[in-house]
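Asks: One file: model.tsv (TSV, C-alpha atoms).
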chain	number	residue	atom	x	y	z
R	263	MET	CA	28.09	-1.04	20.78
R	264	LYS	CA	28.75	1.95	18.47
R	265	ILE	CA	32.23	2.79	17.30
R	266	SER	CA	32.93	6.15	15.63
R	267	THR	CA	35.86	6.28	13.24
R	268	LEU	CA	37.15	9.48	11.66
R	269	LEU	CA	38.72	8.83	8.30
R	270	LEU	CA	40.89	11.78	7.37
R	271	PHE	CA	42.14	10.30	4.11
R	272	PRO	CA	40.67	7.92	1.53
R	273	HIS	CA	40.97	4.32	2.70
R	274	HIS	CA	39.78	2.35	-0.28
R	275	HIS	CA	40.98	-1.04	0.94
R	276	PHE	CA	39.14	-0.55	4.23
R	277	LEU	CA	35.92	0.42	2.45
R	278	ARG	CA	36.12	-2.58	0.14
R	279	SER	CA	36.64	-5.00	3.00
R	280	LEU	CA	33.84	-3.31	4.97
R	281	SER	CA	31.20	-4.56	2.53
R	282	LYS	CA	32.35	-8.14	3.20
R	283	SER	CA	32.34	-7.81	6.97
R	284	SER	CA	29.69	-8.75	9.53
R	285	PHE	CA	30.12	-5.86	11.99
R	286	GLN	CA	27.05	-4.85	13.98
R	287	ASN	CA	25.80	-1.42	15.02
R	288	TYR	CA	28.74	0.56	13.65
R	289	GLN	CA	28.54	4.27	13.00
R	290	PHE	CA	31.21	5.69	10.68
R	291	ILE	CA	32.00	9.38	10.33
R	292	PHE	CA	33.90	10.31	7.18
R	293	HIS	CA	35.86	13.44	6.46
R	294	SER	CA	34.29	15.51	3.70
R	295	GLY	CA	37.30	14.91	1.45
R	296	THR	CA	37.00	11.15	1.63
R	297	HIS	CA	36.15	9.48	-1.68
R	298	PHE	CA	33.66	6.68	-1.13
R	299	GLY	CA	33.43	5.09	-4.52
R	300	SER	CA	30.33	3.58	-6.10
R	301	GLY	CA	27.48	2.73	-3.77
R	302	PHE	CA	28.50	4.93	-0.83
R	303	SER	CA	26.37	8.01	-0.12
R	304	CYS	CA	26.12	10.49	2.75
R	305	THR	CA	23.82	13.11	4.17
R	306	PRO	CA	24.60	16.85	3.73
R	307	PRO	CA	27.29	18.44	5.98
R	308	LEU	CA	26.50	18.17	9.67
R	309	ASN	CA	28.50	21.16	10.98
R	310	SER	CA	31.24	23.68	10.28
R	311	VAL	CA	33.87	20.94	10.17
R	312	GLU	CA	31.88	19.58	7.21
R	313	LEU	CA	31.73	16.02	8.38
R	314	HIS	CA	29.51	13.55	6.60
R	315	ARG	CA	27.86	10.69	8.39
R	316	ALA	CA	26.81	7.28	7.13
R	317	LYS	CA	25.12	4.88	9.52
R	318	TRP	CA	24.52	1.19	8.97
R	319	MET	CA	22.72	-1.41	11.05
R	320	LEU	CA	24.39	-4.63	10.06
R	321	PRO	CA	24.78	-7.80	9.58
R	322	SER	CA	26.44	-7.76	6.19
R	323	CYS	CA	23.37	-8.75	4.12
R	324	ASP	CA	21.46	-5.79	5.56
R	325	PHE	CA	24.49	-3.59	4.89
R	326	LYS	CA	24.64	-4.53	1.22
R	327	ARG	CA	20.87	-4.14	0.82
R	328	LYS	CA	21.03	-0.67	2.36
R	329	LEU	CA	23.86	0.34	0.03
R	330	SER	CA	21.73	-0.82	-2.91
R	331	ILE	CA	18.79	1.27	-1.66
R	332	GLN	CA	21.03	4.33	-1.25
R	333	THR	CA	22.29	3.87	-4.80
R	334	THR	CA	18.71	3.56	-6.08
R	335	ILE	CA	17.69	6.82	-4.39
R	336	LYS	CA	20.79	8.55	-5.76
R	337	LEU	CA	19.93	7.43	-9.30
R	338	HIS	CA	16.37	8.74	-8.88
R	339	THR	CA	17.40	12.11	-7.43
R	340	GLU	CA	20.34	12.89	-9.71
R	341	GLY	CA	18.10	14.42	-12.38
R	342	LEU	CA	16.06	16.56	-9.96
R	343	SER	CA	16.45	20.30	-9.75
R	344	ASP	CA	17.10	22.01	-6.42
R	345	LYS	CA	13.48	23.16	-6.36
R	346	GLU	CA	12.23	19.60	-6.91
R	347	ARG	CA	14.52	18.23	-4.21
R	348	ARG	CA	13.27	20.82	-1.73
R	349	PHE	CA	9.68	19.98	-2.67
R	350	VAL	CA	10.14	16.22	-2.15
R	351	ASN	CA	12.06	16.72	1.10
R	352	LYS	CA	9.35	19.05	2.40
R	353	LEU	CA	6.65	16.46	1.69
R	354	TYR	CA	8.70	13.67	3.25
R	355	THR	CA	9.53	15.63	6.40
R	356	GLY	CA	5.93	16.74	6.91
R	357	LEU	CA	4.62	13.24	6.22
R	358	ILE	CA	6.75	11.41	8.80
R	359	LYS	CA	5.89	14.12	11.34
R	360	GLY	CA	2.21	13.23	10.90
R	361	GLN	CA	1.07	16.39	9.13
R	362	ARG	CA	-2.24	15.68	7.39
R	363	ALA	CA	-1.65	18.41	4.78
R	364	SER	CA	1.63	16.76	3.72
R	365	LEU	CA	-0.09	13.37	3.50
R	366	ALA	CA	-2.87	14.82	1.34
R	367	GLU	CA	-0.37	16.57	-0.95
R	368	SER	CA	1.74	13.40	-1.20
R	369	ILE	CA	-1.25	11.29	-2.28
R	370	THR	CA	-2.21	13.97	-4.80
R	371	LEU	CA	1.34	13.75	-6.19
R	372	ILE	CA	1.24	9.96	-6.63
R	373	GLU	CA	-2.21	10.18	-8.26
R	374	SER	CA	-0.92	12.60	-10.88
R	375	THR	CA	-0.63	11.29	-14.44
R	376	HIS	CA	1.97	13.92	-15.36
R	377	SER	CA	5.21	12.12	-16.25
R	378	ARG	CA	7.52	14.42	-14.28
R	379	LYS	CA	5.32	14.36	-11.19
R	380	ARG	CA	5.23	10.59	-11.36
R	381	GLU	CA	9.04	10.59	-11.24
R	382	LEU	CA	8.96	12.82	-8.16
R	383	ALA	CA	6.36	10.51	-6.64
R	384	GLN	CA	8.65	7.50	-7.05
R	385	VAL	CA	11.49	9.33	-5.29
R	386	LEU	CA	9.16	10.20	-2.41
R	387	LEU	CA	7.86	6.64	-2.21
R	388	GLN	CA	11.37	5.21	-2.03
R	389	MET	CA	12.22	7.58	0.83
R	390	VAL	CA	9.04	6.63	2.69
R	391	LEU	CA	9.67	2.93	2.04
R	392	ASN	CA	13.16	3.18	3.58
R	393	TYR	CA	11.74	5.00	6.62
R	394	HIS	CA	8.96	2.41	6.86
R	395	ARG	CA	11.46	-0.46	6.81
R	396	GLU	CA	13.57	1.15	9.55
R	397	GLN	CA	10.50	1.62	11.74
R	398	GLU	CA	9.50	-2.02	11.25
R	399	GLN	CA	12.99	-3.13	12.30
R	400	LEU	CA	12.60	-1.08	15.48
R	401	ASN	CA	9.25	-2.84	15.95
R	402	LYS	CA	11.03	-6.25	15.91
R	403	GLY	CA	10.03	-6.90	12.32
R	404	LYS	CA	6.30	-6.66	12.96
R	405	PRO	CA	4.10	-4.62	10.59
R	406	LEU	CA	3.39	-1.08	11.77
R	407	ALA	CA	-0.23	-1.08	10.60
R	408	PHE	CA	-3.18	-3.39	10.17
R	409	ARG	CA	-4.55	-3.23	6.62
R	410	VAL	CA	-8.21	-4.18	6.22
R	411	GLY	CA	-10.17	-4.36	2.97
R	412	LEU	CA	-13.92	-3.77	3.22
R	413	SER	CA	-16.39	-4.49	0.47
R	414	GLY	CA	-19.95	-5.45	-0.21
R	415	PRO	CA	-22.89	-4.69	-2.49
R	416	PRO	CA	-24.40	-1.18	-2.64
R	417	GLY	CA	-26.64	-0.57	0.34
R	418	ALA	CA	-24.70	-2.85	2.68
R	419	GLY	CA	-23.93	0.09	4.96
R	420	LYS	CA	-20.16	0.17	4.43
R	421	SER	CA	-19.74	3.90	5.07
R	422	THR	CA	-21.95	3.84	8.17
R	423	PHE	CA	-20.01	0.88	9.55
R	424	ILE	CA	-16.63	2.51	8.83
R	425	GLU	CA	-17.66	5.70	10.62
R	426	TYR	CA	-18.78	3.81	13.74
R	427	LEU	CA	-15.70	1.55	13.77
R	428	GLY	CA	-13.38	4.47	13.03
R	429	LYS	CA	-14.73	6.57	15.91
R	430	MET	CA	-14.43	3.59	18.24
R	431	LEU	CA	-10.80	2.98	17.23
R	432	THR	CA	-9.69	6.62	17.49
R	433	GLY	CA	-11.32	6.69	20.93
R	434	ASN	CA	-9.04	3.78	21.87
R	435	GLY	CA	-5.92	5.64	20.80
R	436	HIS	CA	-5.53	4.39	17.23
R	437	LYS	CA	-4.92	6.53	14.15
R	438	VAL	CA	-7.27	5.47	11.36
R	439	SER	CA	-6.92	6.10	7.64
R	440	VAL	CA	-9.81	5.39	5.28
R	441	LEU	CA	-9.13	5.04	1.56
R	442	ALA	CA	-12.58	5.12	-0.02
R	443	VAL	CA	-12.34	4.12	-3.67
R	444	ASP	CA	-15.22	5.71	-5.60
R	445	PRO	CA	-16.41	5.00	-9.14
R	446	SER	CA	-15.81	7.95	-11.43
R	447	SER	CA	-18.27	10.04	-13.38
R	448	SER	CA	-17.77	9.54	-17.11
R	449	THR	CA	-18.59	13.23	-17.55
R	450	SER	CA	-16.55	15.04	-14.91
R	451	GLY	CA	-14.09	12.31	-13.89
R	452	GLY	CA	-14.82	12.90	-10.20
R	453	SER	CA	-16.20	10.58	-7.53
R	454	LEU	CA	-19.86	9.58	-7.76
R	455	LEU	CA	-20.59	8.32	-4.26
R	456	GLY	CA	-18.88	10.98	-2.17
R	457	ASP	CA	-18.06	8.66	0.74
R	458	LYS	CA	-16.35	11.41	2.71
R	459	THR	CA	-19.61	13.38	2.86
R	460	ARG	CA	-21.27	10.32	4.41
R	461	MET	CA	-18.69	10.05	7.21
R	462	ILE	CA	-19.21	13.51	8.68
R	463	GLU	CA	-18.24	12.74	12.29
R	464	LEU	CA	-15.19	10.69	11.38
R	465	SER	CA	-13.96	13.33	8.93
R	466	LYS	CA	-13.86	15.84	11.82
R	467	ASP	CA	-11.69	13.53	13.96
R	468	MET	CA	-8.04	14.67	14.04
R	469	ASN	CA	-6.89	11.06	14.49
R	470	ALA	CA	-8.66	9.96	11.32
R	471	TYR	CA	-7.91	10.68	7.68
R	472	ILE	CA	-10.41	9.99	4.89
R	473	ARG	CA	-9.29	10.03	1.28
R	474	PRO	CA	-11.87	9.41	-1.45
R	475	SER	CA	-10.12	8.35	-4.66
R	476	PRO	CA	-11.96	8.29	-8.01
R	477	THR	CA	-11.22	5.13	-10.01
R	478	ARG	CA	-11.00	7.02	-13.34
R	479	GLY	CA	-12.16	3.90	-15.10
R	480	THR	CA	-9.67	1.51	-13.48
R	481	LEU	CA	-10.88	-2.07	-13.85
R	482	GLY	CA	-11.96	-3.52	-10.53
R	483	GLY	CA	-12.59	-0.23	-8.79
R	484	VAL	CA	-9.19	-0.08	-7.11
R	485	THR	CA	-7.07	2.83	-8.30
R	486	ARG	CA	-3.57	2.23	-9.65
R	487	THR	CA	-2.19	4.24	-6.72
R	488	THR	CA	-4.02	2.50	-3.86
R	489	ASN	CA	-0.88	0.56	-2.84
R	490	GLU	CA	1.16	3.75	-2.80
R	491	ALA	CA	-1.50	5.56	-0.76
R	492	ILE	CA	-1.43	2.75	1.83
R	493	LEU	CA	2.34	3.11	2.18
R	494	LEU	CA	2.10	6.90	2.58
R	495	CYS	CA	-0.61	6.58	5.24
R	496	GLU	CA	1.54	4.16	7.22
R	497	GLY	CA	4.50	6.52	6.85
R	498	GLY	CA	2.28	9.25	8.30
R	499	GLY	CA	1.75	7.22	11.48
R	500	TYR	CA	-1.68	5.66	10.81
R	501	ASP	CA	-1.82	2.19	12.34
R	502	ILE	CA	-5.23	1.11	11.01
R	503	ILE	CA	-5.77	1.35	7.24
R	504	LEU	CA	-9.29	0.69	5.95
R	505	ILE	CA	-9.76	0.31	2.19
R	506	GLU	CA	-13.38	0.54	1.06
R	507	THR	CA	-13.95	-0.78	-2.45
R	508	VAL	CA	-16.71	-0.39	-5.00
R	509	GLY	CA	-19.54	-2.92	-4.91
R	510	VAL	CA	-18.98	-6.63	-5.48
R	511	GLY	CA	-16.90	-7.85	-8.41
R	512	GLN	CA	-13.34	-7.43	-9.65
R	513	SER	CA	-12.48	-4.99	-6.86
R	514	GLU	CA	-12.39	-7.77	-4.27
R	515	PHE	CA	-9.72	-9.65	-6.20
R	516	ALA	CA	-7.64	-6.49	-6.51
R	517	VAL	CA	-7.95	-5.38	-2.89
R	518	ALA	CA	-7.16	-8.88	-1.59
R	519	ASP	CA	-3.64	-8.37	-2.95
R	520	MET	CA	-3.20	-5.21	-0.86
R	521	VAL	CA	-4.54	-5.98	2.61
R	522	ASP	CA	-3.89	-8.23	5.60
R	523	MET	CA	-7.56	-9.05	6.10
R	524	PHE	CA	-10.53	-8.99	3.72
R	525	VAL	CA	-13.97	-8.34	5.22
R	526	LEU	CA	-17.19	-8.83	3.28
R	527	LEU	CA	-20.21	-6.78	4.43
R	528	LEU	CA	-23.67	-8.02	3.42
R	529	PRO	CA	-27.18	-6.63	4.01
R	530	PRO	CA	-29.72	-9.03	5.53
R	531	ALA	CA	-32.53	-8.47	3.01
R	532	GLY	CA	-30.95	-8.93	-0.38
R	533	GLY	CA	-32.77	-11.98	-1.72
R	534	ASP	CA	-30.82	-15.16	-2.31
R	535	GLU	CA	-27.42	-13.95	-1.08
R	536	LEU	CA	-25.52	-17.12	-1.94
R	537	GLN	CA	-26.80	-16.82	-5.51
R	538	GLY	CA	-25.90	-13.15	-5.80
R	539	ILE	CA	-22.33	-13.29	-4.49
R	540	LYS	CA	-19.60	-15.01	-6.50
R	541	ARG	CA	-18.08	-18.08	-4.88
R	542	GLY	CA	-14.56	-16.76	-5.46
R	543	ILE	CA	-15.33	-13.62	-3.47
R	544	ILE	CA	-16.67	-15.61	-0.54
R	545	GLU	CA	-13.51	-17.74	-0.62
R	546	MET	CA	-11.38	-14.62	-0.23
R	547	ALA	CA	-13.30	-13.35	2.79
R	548	ASP	CA	-11.52	-13.73	6.13
R	549	LEU	CA	-14.59	-12.39	7.90
R	550	VAL	CA	-18.22	-11.99	6.78
R	551	ALA	CA	-20.37	-9.40	8.57
R	552	VAL	CA	-24.13	-9.29	8.16
R	553	THR	CA	-25.03	-5.63	8.61
R	554	LYS	CA	-28.19	-3.81	9.75
R	555	ALA	CA	-29.02	-6.54	12.26
R	556	ASP	CA	-31.52	-4.45	14.20
R	557	GLY	CA	-35.29	-3.93	14.38
R	558	ASP	CA	-37.29	-5.96	11.87
R	559	LEU	CA	-34.14	-7.14	10.15
R	560	VAL	CA	-32.82	-9.18	13.09
R	561	VAL	CA	-34.55	-12.37	11.93
R	562	PRO	CA	-33.40	-12.09	8.28
R	563	ALA	CA	-29.89	-11.31	9.54
R	564	ARG	CA	-29.84	-14.51	11.60
R	565	ARG	CA	-30.97	-16.51	8.58
R	566	ILE	CA	-28.29	-15.04	6.32
R	567	GLN	CA	-25.66	-15.66	9.01
R	568	ALA	CA	-26.65	-19.32	9.25
R	569	GLU	CA	-26.50	-19.69	5.46
R	570	TYR	CA	-23.00	-18.27	5.28
R	571	VAL	CA	-21.74	-20.34	8.21
R	572	SER	CA	-22.83	-23.45	6.28
R	573	ALA	CA	-21.41	-22.18	2.98
R	574	LEU	CA	-17.97	-21.34	4.41
R	575	LYS	CA	-17.57	-24.90	5.70
R	576	LEU	CA	-17.62	-26.16	2.11
R	577	LEU	CA	-15.11	-23.67	0.70
R	578	ARG	CA	-11.35	-23.92	0.51
R	579	LYS	CA	-9.49	-22.29	3.39
R	580	ARG	CA	-6.98	-19.51	2.66
R	581	SER	CA	-5.10	-19.96	5.92
R	582	LYS	CA	-3.84	-22.88	7.98
R	583	VAL	CA	-4.50	-21.13	11.30
R	584	TRP	CA	-7.68	-19.14	10.66
R	585	LYS	CA	-11.21	-20.24	9.83
R	586	PRO	CA	-13.43	-17.48	8.38
R	587	LYS	CA	-16.13	-16.30	10.77
R	588	VAL	CA	-19.61	-14.87	10.21
R	589	VAL	CA	-20.87	-12.16	12.57
R	590	ARG	CA	-23.97	-9.95	12.87
R	591	ILE	CA	-23.55	-6.24	13.44
R	592	SER	CA	-25.56	-3.03	13.58
R	593	ALA	CA	-23.83	0.31	13.01
R	594	LYS	CA	-27.07	1.99	14.10
R	595	THR	CA	-27.06	0.53	17.61
R	596	GLY	CA	-23.38	-0.52	17.77
R	597	GLU	CA	-24.34	-4.11	18.52
R	598	GLY	CA	-21.68	-6.64	17.59
R	599	ILE	CA	-19.05	-4.16	16.36
R	600	THR	CA	-16.79	-4.45	19.44
R	601	GLU	CA	-16.96	-8.25	19.15
R	602	MET	CA	-16.22	-7.98	15.44
R	603	TRP	CA	-13.09	-5.91	16.13
R	604	ASP	CA	-11.99	-8.52	18.67
R	605	ARG	CA	-12.27	-11.14	15.92
R	606	MET	CA	-10.20	-8.97	13.60
R	607	LYS	CA	-7.47	-8.56	16.23
R	608	GLU	CA	-7.53	-12.31	16.87
R	609	PHE	CA	-6.98	-12.86	13.14
R	610	GLN	CA	-4.03	-10.45	13.11
R	611	GLU	CA	-2.37	-12.09	16.13
R	612	LEU	CA	-2.76	-15.62	14.74
R	613	MET	CA	-1.45	-14.63	11.32
R	614	LEU	CA	1.55	-12.86	12.86
R	615	ALA	CA	2.38	-15.78	15.14
R	616	SER	CA	2.26	-18.24	12.23
R	617	HIS	CA	4.27	-15.88	9.96
R	618	GLU	CA	1.51	-16.10	7.37
R	619	LEU	CA	0.93	-12.35	7.51
R	620	ILE	CA	4.55	-11.57	6.57
R	621	ALA	CA	4.45	-14.15	3.77
R	622	ARG	CA	1.20	-12.65	2.48
R	623	ARG	CA	2.71	-9.16	2.39
R	624	GLN	CA	5.81	-10.38	0.58
R	625	LYS	CA	3.61	-11.99	-2.06
R	626	GLN	CA	1.60	-8.77	-2.36
R	627	GLN	CA	4.78	-6.78	-3.01
R	628	LYS	CA	5.51	-9.01	-6.01
R	629	VAL	CA	1.96	-8.62	-7.32
R	630	TRP	CA	2.27	-4.84	-6.92
R	631	MET	CA	5.49	-4.84	-8.95
R	632	TRP	CA	4.00	-6.88	-11.81
R	633	ASN	CA	0.85	-4.76	-11.88
R	634	LEU	CA	3.02	-1.67	-12.34
R	635	ILE	CA	5.01	-3.40	-15.09
R	636	GLN	CA	1.82	-4.34	-16.95
R	637	GLU	CA	0.48	-0.82	-16.65
R	638	SER	CA	3.76	0.73	-17.78
R	639	VAL	CA	4.14	-1.60	-20.77
R	640	LEU	CA	0.56	-0.94	-21.90
R	641	GLU	CA	1.06	2.82	-21.58
R	642	ARG	CA	4.28	2.72	-23.59
R	643	PHE	CA	2.61	0.48	-26.16
R	644	ARG	CA	-0.25	2.94	-26.68
R	645	ASN	CA	2.13	5.91	-26.93
R	646	CYS	CA	4.63	4.23	-29.25
R	647	SER	CA	4.79	6.22	-32.50
R	648	ALA	CA	4.95	3.03	-34.61
R	649	VAL	CA	1.76	1.77	-32.99
R	650	LYS	CA	-0.22	4.92	-32.26
R	651	ASP	CA	-0.99	5.74	-35.89
R	652	GLN	CA	-2.08	2.20	-36.74
R	653	ILE	CA	-4.50	1.72	-33.83
R	654	PRO	CA	-7.49	3.70	-35.29
R	655	LEU	CA	-7.17	1.97	-38.68
R	656	LEU	CA	-6.94	-1.51	-37.22
R	657	GLU	CA	-9.79	-0.84	-34.79
R	658	GLU	CA	-11.97	0.16	-37.73
R	659	LYS	CA	-11.09	-3.02	-39.63
R	660	VAL	CA	-11.77	-5.19	-36.58
R	661	ALA	CA	-15.13	-3.45	-35.97
R	662	SER	CA	-16.21	-3.99	-39.61
R	663	GLY	CA	-15.22	-7.66	-39.51
R	664	GLY	CA	-12.49	-7.27	-42.12
R	665	LEU	CA	-9.74	-8.29	-39.70
R	666	SER	CA	-9.71	-10.65	-36.75
R	667	PRO	CA	-8.80	-9.17	-33.34
R	668	GLY	CA	-5.97	-11.68	-32.99
R	669	LEU	CA	-4.37	-10.73	-36.30
R	670	ALA	CA	-4.73	-7.02	-35.51
R	671	ALA	CA	-3.03	-7.59	-32.16
R	672	ASP	CA	-0.16	-9.43	-33.87
R	673	ILE	CA	0.35	-6.54	-36.30
R	674	LEU	CA	0.52	-4.03	-33.46
R	675	LEU	CA	2.85	-6.18	-31.35
R	676	LYS	CA	5.25	-6.64	-34.29
R	677	ALA	CA	5.24	-2.87	-34.80
R	678	PHE	CA	6.07	-2.51	-31.10
R	679	LYS	CA	8.83	-5.12	-31.55
R	680	ILE	CA	7.62	-7.54	-28.88
Rewrite the structure of this file - the entire thing - as structure tokens.

Replies:
Amino acid sequence: MKISTLLLFPHHHFLRSLSKSSFQNYQFIFHSGTHFGSGFSCTPPLNSVELHRAKWMLPSCDFKRKLSIQTTIKLHTEGLSDKERRFVNKLYTGLIKGQRASLAESITLIESTHSRKRELAQVLLQMVLNYHREQEQLNKGKPLAFRVGLSGPPGAGKSTFIEYLGKMLTGNGHKVSVLAVDPSSSTSGGSLLGDKTRMIELSKDMNAYIRPSPTRGTLGGVTRTTNEAILLCEGGGYDIILIETVGVGQSEFAVADMVDMFVLLLPPAGGDELQGIKRGIIEMADLVAVTKADGDLVVPARRIQAEYVSALKLLRKRSKVWKPKVVRISAKTGEGITEMWDRMKEFQELMLASHELIARRQKQQKVWMWNLIQESVLERFRNCSAVKDQIPLLEEKVASGGLSPGLAADILLKAFKI
């Protein structure tokens, strides 16, 4: 039930008691002259009477959390100019309406290293995060999108597989976003692989969005903004998010902290596969797919599949309800891809039913926060005036052997006052 109350005069005692209440589904309409006090914020005037509206979906814990979020947004937007506010609102409005141009511009904004643009990006992200949370509540608390990480050694056929799977999913009514993380050229800073140029058919599909992101030297091949890009894609209405990472190595450990399911793609003719792939990476895989299982490679693909089935039995399980599977697929003929998607959906349903998926996402949010803290602290450390001038001198002493790296680090940290 919704109750509308018009407050013509300030009612401070009522507002204070409201935050302690447990009302449900109340909608309050305040007169424009009403003083709310700290923590209360409203939208712009609704009509000529200049009424302001604030809507809360309670119980009380949700109410207080929403007030905190509103206060956070207010603190972020207070320093913005009118032009900046209009810019952020334009991006946000276009994004939630599903406009691809707004999504592309939003991702470009969050990828910027300019300090002011990064501030605008955080305001936009908070707005999208609030919208995302509201949509999840309408969806009975279930995630709006299925996040899948895809990786494997060069030549495994990742891009070919993604194009086939993507076309199949858009044909079934899904909206697919592909975040292809490319290694960067040390000369130009741009992407080396050009994944988008290798997904020609999928890039033409209006229900698919492909975003190649250069790593710019980021360790592990996952850009610092990959988490933010995932959130923006989900805000834009994409319900399947595929993150393709670079090769086999640190990237798998990074992407595992961003996705619901991690899929490892392996070619059938790569020598001793169990020797070439790190045990830790295999342990993280929720599904292993042996690619290119067609023609003369069918027999090697069967052999590799059998080896991995045996290997996975000996490794520690990541989930209490899911045992990693090994499948054979061919993006050339389409064999096995429908069955593979069925396995992926089975994984999602089991993880949702056991609440492991929600717990995994909550843990990932914490990892995301600490990654940003580490990055921010390191950036401030490097730009600190007390440290910046000493770095070249100490690096030279460490390189010549005149000073140990540990002692040099201590000197810099003391200058930074840590």

Asks: Closest to Pro474 in chain R among R:Ile369, R:Leu577, R:Ile502, R:Leu527, using only C-alpha atoms?

Replies: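 Distance minimum relative to Pro474 in chain R lands on R:Ile369.
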
Asks: With a distance cut-off of 10 Å and only C-alpha atoms, select the neighbouring residues of range 637-647 of chain R, excluding the residue or stretch itself and same-chain residues fewer than 5 positions from it, and output the selection as a list in words.

Replies: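 Contacts, in chain order: Arg486, Trp632, Gln652, Ile653, Leu674, Leu675, Ala677, Phe678, Lys679 and Ile680 of chain R.
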
Asks: Identify the residues around (-5.9, -13.0, 0.4) within a radius of 10 Å, measuring from all atoms listed in the file in the coordinates stated by the file, and give them as a PyMOL selection string.

Replies: chain R and resi 411+514-524+545-548+580-581+619+622-623+625-626

Asks: Mind dumping a table of every range 578-644 of chain R residue within 10 Å of range 556-560 of chain R, with the nearest atom pair and its distance in Å to one decimal, using only C-alpha atoms, sorted by chain and rising number, as JSON lines?

Replies:
{"residue": "R:Arg590", "atom": "CA", "partner": "R:Val560", "partner_atom": "CA", "distance": 8.9}
{"residue": "R:Ile591", "atom": "CA", "partner": "R:Asp556", "partner_atom": "CA", "distance": 8.2}
{"residue": "R:Ser592", "atom": "CA", "partner": "R:Asp556", "partner_atom": "CA", "distance": 6.2}
{"residue": "R:Ala593", "atom": "CA", "partner": "R:Asp556", "partner_atom": "CA", "distance": 9.1}
{"residue": "R:Lys594", "atom": "CA", "partner": "R:Asp556", "partner_atom": "CA", "distance": 7.8}
{"residue": "R:Thr595", "atom": "CA", "partner": "R:Asp556", "partner_atom": "CA", "distance": 7.5}
{"residue": "R:Gly596", "atom": "CA", "partner": "R:Asp556", "partner_atom": "CA", "distance": 9.7}
{"residue": "R:Glu597", "atom": "CA", "partner": "R:Asp556", "partner_atom": "CA", "distance": 8.4}

Asks: Between CA of Ile424 in chain R and CA of His394 in chain R, what is the distance, to one decimal in Å?

Replies: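 Computed distance, CA of Ile424 in chain R to CA of His394 in chain R, equals 25.7 Å.
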
Asks: With a distance cut-off of 10 Å and only C-alpha atoms, select the neighbouring residues of Trp584 in chain R, excluding the residue or stretch itself and same-chain residues fewer than 3 positions from it, and output the selection as JSON, numbers by chain.

Replies: {"R": [548, 579, 580, 581, 587, 608, 609, 610, 612, 613]}

Asks: CA of Leu441 in chain R and CA of Leu382 in chain R, how far apart in Å?

Replies: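 Between these atoms lies a distance of 22.0 Å.
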
Asks: Go through R:Ile505, R:Leu357, R:Gln624, R:Ile372 and flag the residue nearest Gly414 in chain R, using all atoms listed in the file for the distances.

Replies: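 Selected residue with least distance to Gly414 in chain R: R:Ile505.
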
Asks: What is the CA of Ala470 in chain R-CA of Val410 in chain R distance in Å, reported with one decimal?

Replies: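 Separating CA of Ala470 in chain R from CA of Val410 in chain R is a distance of 15.0 Å.
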
Asks: Counting all atoms listed in the file, I want the residues whose atoms come within 10 Å of (-18.5, -3.3, 0.8) in the file frame, returned as a list in words.

Replies: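 Residues lying no farther than 10 Å from the given point: Gly411, Leu412, Ser413, Gly414, Pro415, Pro416, Gly417, Ala418, Gly419, Lys420, Ser421, Phe423, Ile505, Glu506, Thr507, Val508, Gly509, Val510, Ser513, Glu514, Val525, Leu526, Leu527, Leu528 and Pro529 of chain R.
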
Asks: With a distance cut-off of 12 Å and only C-alpha atoms, select the neighbouring residues of Leu494 in chain R, excluding the residue or stretch itself and same-chain residues fewer than 6 positions from it, and output the selection as a PyMOL selection string.

Replies: chain R and resi 353-354+356-362+364-372+383-384+386-394+407+439+441+471+473+487-488+500-501+503

Asks: Could I get range 347-352 of chain R from the block written as a PDB file, in the first residue's frame, with N, CA, C and O atoms?

Replies:
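Result file selection-v1.pdb:
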ATOM      1  N   ARG R 347      27.151  18.177 -14.666  1.00  0.00           N
ATOM      2  CA  ARG R 347      25.945  17.452 -14.230  1.00  0.00           C
ATOM      3  C   ARG R 347      25.104  17.030 -15.436  1.00  0.00           C
ATOM      4  O   ARG R 347      24.599  15.911 -15.484  1.00  0.00           O
ATOM      5  N   ARG R 348      24.941  17.960 -16.379  1.00  0.00           N
ATOM      6  CA  ARG R 348      24.169  17.629 -17.587  1.00  0.00           C
ATOM      7  C   ARG R 348      24.834  16.509 -18.374  1.00  0.00           C
ATOM      8  O   ARG R 348      24.157  15.619 -18.908  1.00  0.00           O
ATOM      9  N   PHE R 349      26.151  16.527 -18.429  1.00  0.00           N
ATOM     10  CA  PHE R 349      26.906  15.501 -19.152  1.00  0.00           C
ATOM     11  C   PHE R 349      26.701  14.125 -18.517  1.00  0.00           C
ATOM     12  O   PHE R 349      26.402  13.133 -19.209  1.00  0.00           O
ATOM     13  N   VAL R 350      26.838  14.058 -17.192  1.00  0.00           N
ATOM     14  CA  VAL R 350      26.674  12.776 -16.485  1.00  0.00           C
ATOM     15  C   VAL R 350      25.232  12.287 -16.597  1.00  0.00           C
ATOM     16  O   VAL R 350      24.982  11.096 -16.840  1.00  0.00           O
ATOM     17  N   ASN R 351      24.272  13.186 -16.433  1.00  0.00           N
ATOM     18  CA  ASN R 351      22.858  12.791 -16.536  1.00  0.00           C
ATOM     19  C   ASN R 351      22.515  12.296 -17.938  1.00  0.00           C
ATOM     20  O   ASN R 351      21.711  11.367 -18.105  1.00  0.00           O
ATOM     21  N   LYS R 352      23.105  12.930 -18.955  1.00  0.00           N
ATOM     22  CA  LYS R 352      22.871  12.506 -20.336  1.00  0.00           C
ATOM     23  C   LYS R 352      23.393  11.087 -20.565  1.00  0.00           C
ATOM     24  O   LYS R 352      22.713  10.246 -21.172  1.00  0.00           O
TER      25      LYS R 352
END
